[in-house]
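Engineer: What follows is the file final.txt, containing compact mmCIF, C-alpha atoms:
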# COMPACT_ATOMS: atom_id res chain seq x y z
CA HIS A 1 21.73 -4.59 30.38
CA VAL A 2 20.78 -4.98 26.76
CA ARG A 3 17.39 -6.39 26.00
CA ALA A 4 16.97 -8.23 22.72
CA VAL A 5 14.06 -6.98 20.66
CA HIS A 6 12.34 -9.50 18.44
CA ILE A 7 11.28 -8.06 15.10
CA ASN A 8 8.69 -9.76 12.95
CA GLU A 9 9.70 -9.34 9.32
CA ALA A 10 8.15 -10.46 6.05
CA ALA A 11 10.14 -10.60 2.81
CA VAL A 12 8.37 -10.77 -0.55
CA VAL A 13 9.82 -10.96 -4.07
CA VAL A 14 7.58 -9.55 -6.81
CA ASP A 15 8.27 -11.09 -10.21
CA ASN A 16 4.76 -11.17 -11.67
CA LEU A 17 1.35 -9.59 -11.14
CA ALA A 18 0.14 -12.39 -8.89
CA ALA A 19 3.10 -11.83 -6.58
CA LEU A 20 2.30 -8.10 -6.53
CA MET A 21 -1.25 -8.84 -5.42
CA LYS A 22 0.09 -11.19 -2.75
CA ALA A 23 2.37 -8.43 -1.47
CA SER A 24 -0.62 -6.08 -1.41
CA LYS A 25 -2.57 -8.46 0.81
CA ILE A 26 0.34 -8.77 3.25
CA VAL A 27 0.71 -5.00 3.55
CA ASN A 28 -2.95 -4.01 3.74
CA GLY A 29 -4.30 -4.25 7.25
CA ASN A 30 -0.95 -5.46 8.60
CA THR A 31 -0.68 -5.60 12.39
CA LYS A 32 1.68 -8.59 12.58
CA TYR A 33 4.89 -7.52 10.87
CA ASP A 34 7.18 -4.77 12.11
CA VAL A 35 9.01 -4.73 8.77
CA ILE A 36 7.73 -5.75 5.33
CA ASN A 37 10.47 -5.89 2.70
CA ILE A 38 9.21 -6.06 -0.88
CA THR A 39 11.78 -6.50 -3.65
CA PHE A 40 10.73 -6.15 -7.28
CA VAL A 41 12.34 -8.02 -10.15
CA LYS A 42 12.93 -5.45 -12.89
CA GLY A 43 9.99 -5.40 -15.29
CA GLU A 44 6.59 -3.80 -15.87
CA TYR A 45 3.55 -4.62 -13.75
CA GLY A 46 0.23 -3.41 -15.17
CA MET A 47 -2.81 -3.11 -12.91
CA ILE A 48 -6.42 -3.10 -14.06
CA PRO A 49 -8.18 0.03 -12.70
CA ASN A 50 -10.23 -0.94 -9.65
CA SER A 51 -10.66 2.31 -7.69
CA LYS A 52 -8.79 0.81 -4.75
CA GLY A 53 -5.39 1.28 -3.14
CA LEU A 54 -2.60 -1.15 -3.98
CA PHE A 55 -0.71 -0.62 -0.71
CA LYS A 56 -2.11 0.73 2.57
CA ALA A 57 0.69 1.15 5.11
CA ASP A 58 -0.96 1.45 8.52
CA TYR A 59 1.76 0.03 10.76
CA GLY A 60 5.49 -0.64 10.82
CA LEU A 61 8.17 -0.15 8.19
CA LEU A 62 7.43 -0.90 4.55
CA LEU A 63 10.40 -1.18 2.18
CA LEU A 64 9.71 -1.07 -1.57
CA ASN A 65 12.88 -1.90 -3.49
CA GLY A 66 12.04 -1.22 -7.12
CA ALA A 67 15.29 -2.28 -8.86
CA GLY A 68 14.08 -0.31 -11.89
CA ALA A 69 10.62 -1.89 -12.03
CA LYS A 70 7.53 -0.02 -13.22
CA VAL A 71 4.06 -0.31 -11.68
CA PHE A 72 1.32 1.27 -13.79
CA VAL A 73 -2.43 1.41 -14.32
CA GLN A 74 -3.59 0.01 -17.64
CA ASN A 75 -5.81 2.39 -19.62
CA PRO A 76 -6.58 4.70 -16.66
CA LYS A 77 -9.91 6.55 -16.67
CA LYS A 78 -10.64 10.01 -15.29
CA ASP A 79 -13.26 8.73 -12.83
CA ASP A 80 -11.06 5.91 -11.54
CA THR A 81 -9.55 6.31 -8.05
CA THR A 82 -6.88 3.62 -8.08
CA GLN A 83 -4.01 4.66 -5.79
CA PHE A 84 -0.56 3.17 -5.47
CA LEU A 85 0.01 3.86 -1.77
CA THR A 86 -1.57 5.44 1.28
CA VAL A 87 0.48 5.89 4.45
CA ALA A 88 -1.28 6.22 7.81
CA SER A 89 0.06 8.15 10.79
CA ARG A 90 1.86 5.08 12.20
CA GLY A 91 3.22 4.07 8.79
CA ASN A 92 6.84 4.43 7.69
CA VAL A 93 7.59 3.77 4.01
CA ARG A 94 10.81 3.85 1.97
CA ILE A 95 10.65 3.61 -1.81
CA ASN A 96 13.76 3.22 -3.97
CA GLY A 97 14.23 2.70 -7.69
CA LEU A 98 10.58 2.41 -8.68
CA THR A 99 8.52 3.95 -11.49
CA ILE A 100 4.90 4.74 -10.56
CA ASP A 101 2.65 5.55 -13.51
CA GLY A 102 -1.00 6.34 -14.20
CA PHE A 103 -2.47 6.39 -10.68
CA ASN A 104 -4.96 8.81 -9.19
CA ILE A 105 -3.10 10.66 -6.42
CA ALA A 106 -0.42 7.98 -6.60
CA ILE A 107 0.63 8.43 -2.97
CA GLU A 108 -1.19 10.02 -0.06
CA ASN A 109 1.06 10.33 2.98
CA SER A 110 0.03 10.93 6.59
CA GLY A 111 3.06 9.20 8.11
CA THR A 112 6.76 9.12 7.23
CA LEU A 113 7.76 8.68 3.60
CA LEU A 114 11.21 8.56 1.96
CA ILE A 115 11.43 8.34 -1.84
CA SER A 116 14.72 7.97 -3.70
CA ASN A 117 15.83 7.28 -7.28
CA SER A 118 12.24 6.93 -8.46
CA ILE A 119 10.02 8.19 -11.28
CA PHE A 120 6.44 9.49 -11.11
CA ASN A 121 4.78 9.77 -14.50
CA ASN A 122 1.21 10.39 -15.74
CA ASN A 123 -0.39 10.42 -12.30
CA ARG A 124 -3.37 12.72 -11.93
CA VAL A 125 -6.55 13.80 -10.21
CA ASP A 126 -9.19 15.81 -12.00
CA TYR A 127 -12.59 14.47 -11.04
CA ASN A 128 -12.96 15.17 -7.31
CA PHE A 129 -13.50 18.84 -6.53
CA LYS A 130 -13.05 18.33 -2.79
CA LYS A 131 -9.69 16.63 -3.18
CA ASP A 132 -8.28 17.84 -6.46
CA TYR A 133 -4.60 18.34 -5.62
CA GLY A 134 -1.26 16.57 -5.82
CA GLY A 135 -1.40 14.31 -8.85
CA ALA A 136 1.65 12.29 -7.78
CA ILE A 137 1.91 12.93 -4.02
CA VAL A 138 -0.26 14.52 -1.36
CA ASN A 139 1.84 15.02 1.76
CA ASN A 140 0.18 15.68 5.12
CA ALA A 141 3.08 14.64 7.35
CA LYS A 142 6.79 13.94 6.71
CA LEU A 143 8.11 13.58 3.16
CA THR A 144 11.66 13.33 1.80
CA VAL A 145 12.31 13.06 -1.95
CA PHE A 146 15.83 12.45 -3.26
CA ASN A 147 17.10 12.15 -6.82
CA SER A 148 13.67 11.48 -8.33
CA THR A 149 11.77 12.61 -11.44
CA PHE A 150 8.21 13.89 -11.82
CA THR A 151 6.81 14.15 -15.36
CA ASN A 152 3.35 14.71 -16.86
CA ASN A 153 1.49 14.62 -13.56
CA TYR A 154 -1.49 16.93 -13.14
CA ALA A 155 -4.07 18.20 -10.68
CA LYS A 156 -5.95 21.41 -9.95
CA TYR A 157 -3.35 22.40 -7.33
CA GLY A 158 0.21 21.09 -7.56
CA GLY A 159 0.54 18.86 -10.58
CA ALA A 160 3.24 16.73 -8.95
CA ILE A 161 3.22 17.43 -5.18
CA TYR A 162 0.79 19.07 -2.80
CA ASN A 163 2.46 19.72 0.54
CA ALA A 164 0.54 20.32 3.76
CA GLY A 165 3.19 18.83 6.03
CA THR A 166 6.98 18.86 6.18
CA ALA A 167 8.74 18.22 2.87
CA VAL A 168 12.40 17.93 1.87
CA ILE A 169 13.01 17.74 -1.90
CA ILE A 170 16.62 17.26 -3.00
CA ILE A 171 18.29 16.89 -6.41
CA SER A 172 15.05 16.04 -8.21
CA THR A 173 13.64 17.01 -11.60
CA PHE A 174 10.15 18.23 -12.46
CA SER A 175 8.90 18.65 -16.03
CA SER A 176 5.56 19.05 -17.81
CA ASN A 177 3.51 18.80 -14.62
CA THR A 178 0.28 20.82 -14.61
CA GLY A 179 -1.59 22.64 -11.88
CA TYR A 180 -4.44 23.68 -14.10
CA HIS A 181 -6.21 26.00 -11.63
CA GLU A 182 -3.52 28.68 -11.91
CA SER A 183 -2.94 31.06 -14.79
CA ASN A 184 0.65 29.78 -14.90
CA LYS A 185 -0.31 26.17 -15.40
CA LYS A 186 3.16 24.66 -15.07
CA ILE A 187 2.97 24.28 -11.29
CA ASP A 188 4.89 21.29 -9.99
CA ILE A 189 4.66 21.87 -6.23
CA TYR A 190 1.94 23.60 -4.25
CA ASN A 191 2.73 24.43 -0.64
CA TYR A 192 -0.31 24.89 1.56
CA GLU A 193 -0.28 28.02 3.72
CA GLY A 194 -0.09 26.07 6.97
CA ALA A 195 3.15 24.44 5.80
CA VAL A 196 4.84 27.53 4.44
CA ASP A 197 7.79 27.27 6.86
CA ASP A 198 8.18 23.56 6.37
CA ILE A 199 9.40 22.88 2.86
CA ILE A 200 13.05 22.59 1.85
CA ILE A 201 13.94 22.47 -1.84
CA SER A 202 17.57 22.04 -2.81
CA GLY A 203 19.06 21.33 -6.22
CA ALA A 204 15.64 20.55 -7.69
CA LYS A 205 14.47 21.96 -11.02
CA HIS A 206 10.83 22.91 -10.46
CA ASN A 207 8.04 25.46 -10.69
CA TYR A 208 6.86 26.24 -7.21
CA MET A 209 3.78 27.96 -5.86
CA GLU A 210 3.00 28.85 -2.28
CA LYS A 211 -0.20 30.03 -0.67
CA HIS A 212 1.64 32.90 1.03
CA PRO A 213 5.16 34.38 0.56
CA MET A 214 7.95 32.20 1.93
CA ALA A 215 9.07 33.06 5.44
CA ALA A 216 12.33 34.92 6.08
CA ARG A 217 13.85 31.57 7.06
CA LYS A 218 13.90 30.38 3.44
CA LYS A 219 17.66 30.83 3.05
CA ASP A 220 18.34 28.91 6.27
CA LEU A 221 16.00 26.11 5.16
CA ILE A 222 17.73 25.77 1.80
CA GLU A 223 21.13 25.68 3.46
CA SER A 224 19.82 22.97 5.79
CA GLY A 225 18.64 21.05 2.72
CA ILE A 226 22.11 21.22 1.20
CA LEU A 227 23.60 19.83 4.39
CA LEU A 228 21.04 17.03 4.39
CA ALA A 229 21.78 16.24 0.76
CA THR A 230 25.48 16.03 1.57
CA ALA A 231 24.74 13.66 4.46
CA LEU A 232 22.55 11.46 2.27
CA LEU A 233 25.18 11.25 -0.43
CA ALA A 234 27.86 10.43 2.12
CA GLY A 235 25.77 7.55 3.38
CA THR A 236 25.31 5.96 -0.05
The structure given in the file should be rewritten as structure tokens.

Structural biologist:
Amino acid sequence: HVRAVHINEAAVVVDNLAALMKASKIVNGNTKYDVINITFVKGEYGMIPNSKGLFKADYGLLLLNGAGAKVFVQNPKKDDTTQFLTVASRGNVRINGLTIDGFNIAIENSGTLLISNSIFNNNRVDYNFKKDYGGAIVNNAKLTVFNSTFTNNYAKYGGAIYNAGTAVIIISTFSSNTGYHESNKKIDIYNYEGAVDDIIISGAKHNYMEKHPMAARKKDLIESGILLATALLAGT
């Protein structure tokens, strides 16, 4: 016997700032929709800094289809805490084809996050000494990054990505990101000691720092990343 499963889905098209704010309200605090599908019309969407999060994915699947759009913070300030996205433990988010610019810890992930064909630029954190890491992404759970670019992001630890979970980074480019705590300041990715066995980097140009030396399984992990990259490409 096959039981039909009813899925509640919301579809939103973002073609101006008002539509972006409407999409934000649908996502934040959502308990109704199993899937929220947000499609951007290509363009630039500038937010006024408000020290709040644009999207808070607490439940269900959130699809952000960028189509080459750019979401950015206008005239960001060092003491502003405007974030693009936070993902809770029950959240599942997929981002494709989006540029995210000028946020403070642009994305903080505690759920499942897949990013593809996207750009992270000028995201930072440099005011909060208790949480001064991962200018573009702080990952505490499951993160996959594919064919994406990280440029001019900065934080004390890991200018682009701070990983304390499981991360797979494939065919991506990192440039001019700064982890300013270290003597070698061009640190794109910082891998927390508790996650030292759980990061796979394949075909990505980056500067990498780990809390402790990589485990002996590094070669196996990289080979697994290559297999995953092949599978992803085959499915596109």

Engineer: When distances are computed from all atoms listed in the file, which of A:Val138, A:Ala67, A:Ala23, A:Ile100 shows the smallest separation from A:Asn163?

Structural biologist: A:Val138

Engineer: Centre and edge lengths of an axis-aligned box around all listed atoms of stretch 157-175 of chain A, with 4 Å added on each side, are to be given in Å to one decimal, as lines of an AutoDock Vina configuration file.

Structural biologist:
center_x = 7.5
center_y = 19.2
center_z = -4.9
size_x = 29.6
size_y = 14.4
size_z = 30.2

Engineer: Using all atoms listed in the file, determine which residues lie at most 6 Å from A:Thr86, disregarding the query and same-chain residues fewer than 2 positions distant; provide the list as a PyMOL selection string.

Structural biologist: chain A and resi 56+107-109

Engineer: Of the residues A:Gly135, A:Gly53, A:Gly46, A:Gly29, which is the one nearest to A:Lys70, using only C-alpha atoms?

Structural biologist: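 Using only C-alpha atoms, A:Lys70 sits closest to A:Gly46.
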
Engineer: Just the residues within 7 Å of A:Gly91, please, counting all atoms listed in the file, with nothing from its chain fewer than 5 positions along; format it as a list in words.

Structural biologist: Ala57, Asp58, Tyr59, Gly60, Leu61, Gly111 and Thr112 of chain A

Engineer: Find, counting only C-alpha atoms, the residue in A:Ala141, A:Leu64, A:Val13, A:Leu54 that gets nearest to A:Arg90.

Structural biologist: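 The closest residue to A:Arg90 is A:Ala141.
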
Engineer: Would you mind reading off the distance between atom CA of A:Val12 and atom CA of A:Thr149, one decimal, in Å?

Structural biologist: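 These two atoms are separated by 26.0 Å.
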
Engineer: Find the residue from A:Ser110, A:Asn153, A:Thr173, A:Ser51 that sits nearest to A:Lys186; use all atoms listed in the file when measuring.

Structural biologist: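 Using all atoms listed in the file, A:Lys186 sits closest to A:Asn153.
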
Engineer: What would stretch 165-181 of chain A look like with N, CA, C and O atoms in place, written as a CSV table (one decimal), keeping the file's coordinate frame?

Structural biologist:
chain,number,residue,atom,x,y,z
A,165,GLY,N,2.4,19.3,4.9
A,165,GLY,CA,3.2,18.8,6.0
A,165,GLY,C,4.6,19.4,6.0
A,165,GLY,O,4.8,20.6,5.8
A,166,THR,N,5.6,18.5,6.2
A,166,THR,CA,7.0,18.9,6.2
A,166,THR,C,7.6,18.1,5.0
A,166,THR,O,7.6,16.9,5.0
A,167,ALA,N,8.2,18.8,4.1
A,167,ALA,CA,8.7,18.2,2.9
A,167,ALA,C,10.2,18.6,2.6
A,167,ALA,O,10.5,19.8,2.8
A,168,VAL,N,11.0,17.7,2.3
A,168,VAL,CA,12.4,17.9,1.9
A,168,VAL,C,12.6,17.3,0.5
A,168,VAL,O,12.4,16.1,0.3
A,169,ILE,N,12.9,18.2,-0.5
A,169,ILE,CA,13.0,17.7,-1.9
A,169,ILE,C,14.4,18.1,-2.4
A,169,ILE,O,14.8,19.3,-2.4
A,170,ILE,N,15.2,17.1,-2.7
A,170,ILE,CA,16.6,17.3,-3.0
A,170,ILE,C,17.0,16.6,-4.3
A,170,ILE,O,16.6,15.5,-4.6
A,171,ILE,N,17.7,17.4,-5.1
A,171,ILE,CA,18.3,16.9,-6.4
A,171,ILE,C,17.3,16.1,-7.2
A,171,ILE,O,17.5,14.9,-7.6
A,172,SER,N,16.1,16.7,-7.5
A,172,SER,CA,15.0,16.0,-8.2
A,172,SER,C,14.6,16.9,-9.4
A,172,SER,O,14.9,18.1,-9.4
A,173,THR,N,14.0,16.3,-10.4
A,173,THR,CA,13.6,17.0,-11.6
A,173,THR,C,12.1,17.0,-11.8
A,173,THR,O,11.5,15.9,-11.7
A,174,PHE,N,11.6,18.1,-12.2
A,174,PHE,CA,10.2,18.2,-12.5
A,174,PHE,C,10.0,18.8,-13.9
A,174,PHE,O,10.6,19.8,-14.2
A,175,SER,N,9.1,18.1,-14.7
A,175,SER,CA,8.9,18.6,-16.0
A,175,SER,C,7.5,18.3,-16.5
A,175,SER,O,7.0,17.2,-16.2
A,176,SER,N,6.9,19.2,-17.2
A,176,SER,CA,5.6,19.0,-17.8
A,176,SER,C,4.5,18.6,-16.8
A,176,SER,O,3.5,17.9,-17.2
A,177,ASN,N,4.6,19.0,-15.6
A,177,ASN,CA,3.5,18.8,-14.6
A,177,ASN,C,2.6,20.0,-14.7
A,177,ASN,O,3.0,21.1,-14.9
A,178,THR,N,1.3,19.8,-14.4
A,178,THR,CA,0.3,20.8,-14.6
A,178,THR,C,-0.6,21.0,-13.4
A,178,THR,O,-1.2,20.0,-12.9
A,179,GLY,N,-0.6,22.2,-12.9
A,179,GLY,CA,-1.6,22.6,-11.9
A,179,GLY,C,-2.6,23.5,-12.6
A,179,GLY,O,-2.4,24.8,-12.7
A,180,TYR,N,-3.7,23.0,-13.1
A,180,TYR,CA,-4.4,23.7,-14.1
A,180,TYR,C,-5.3,24.8,-13.5
A,180,TYR,O,-6.0,25.5,-14.3
A,181,HIS,N,-5.4,24.9,-12.2
A,181,HIS,CA,-6.2,26.0,-11.6
A,181,HIS,C,-5.6,27.4,-11.8
A,181,HIS,O,-6.3,28.4,-11.9
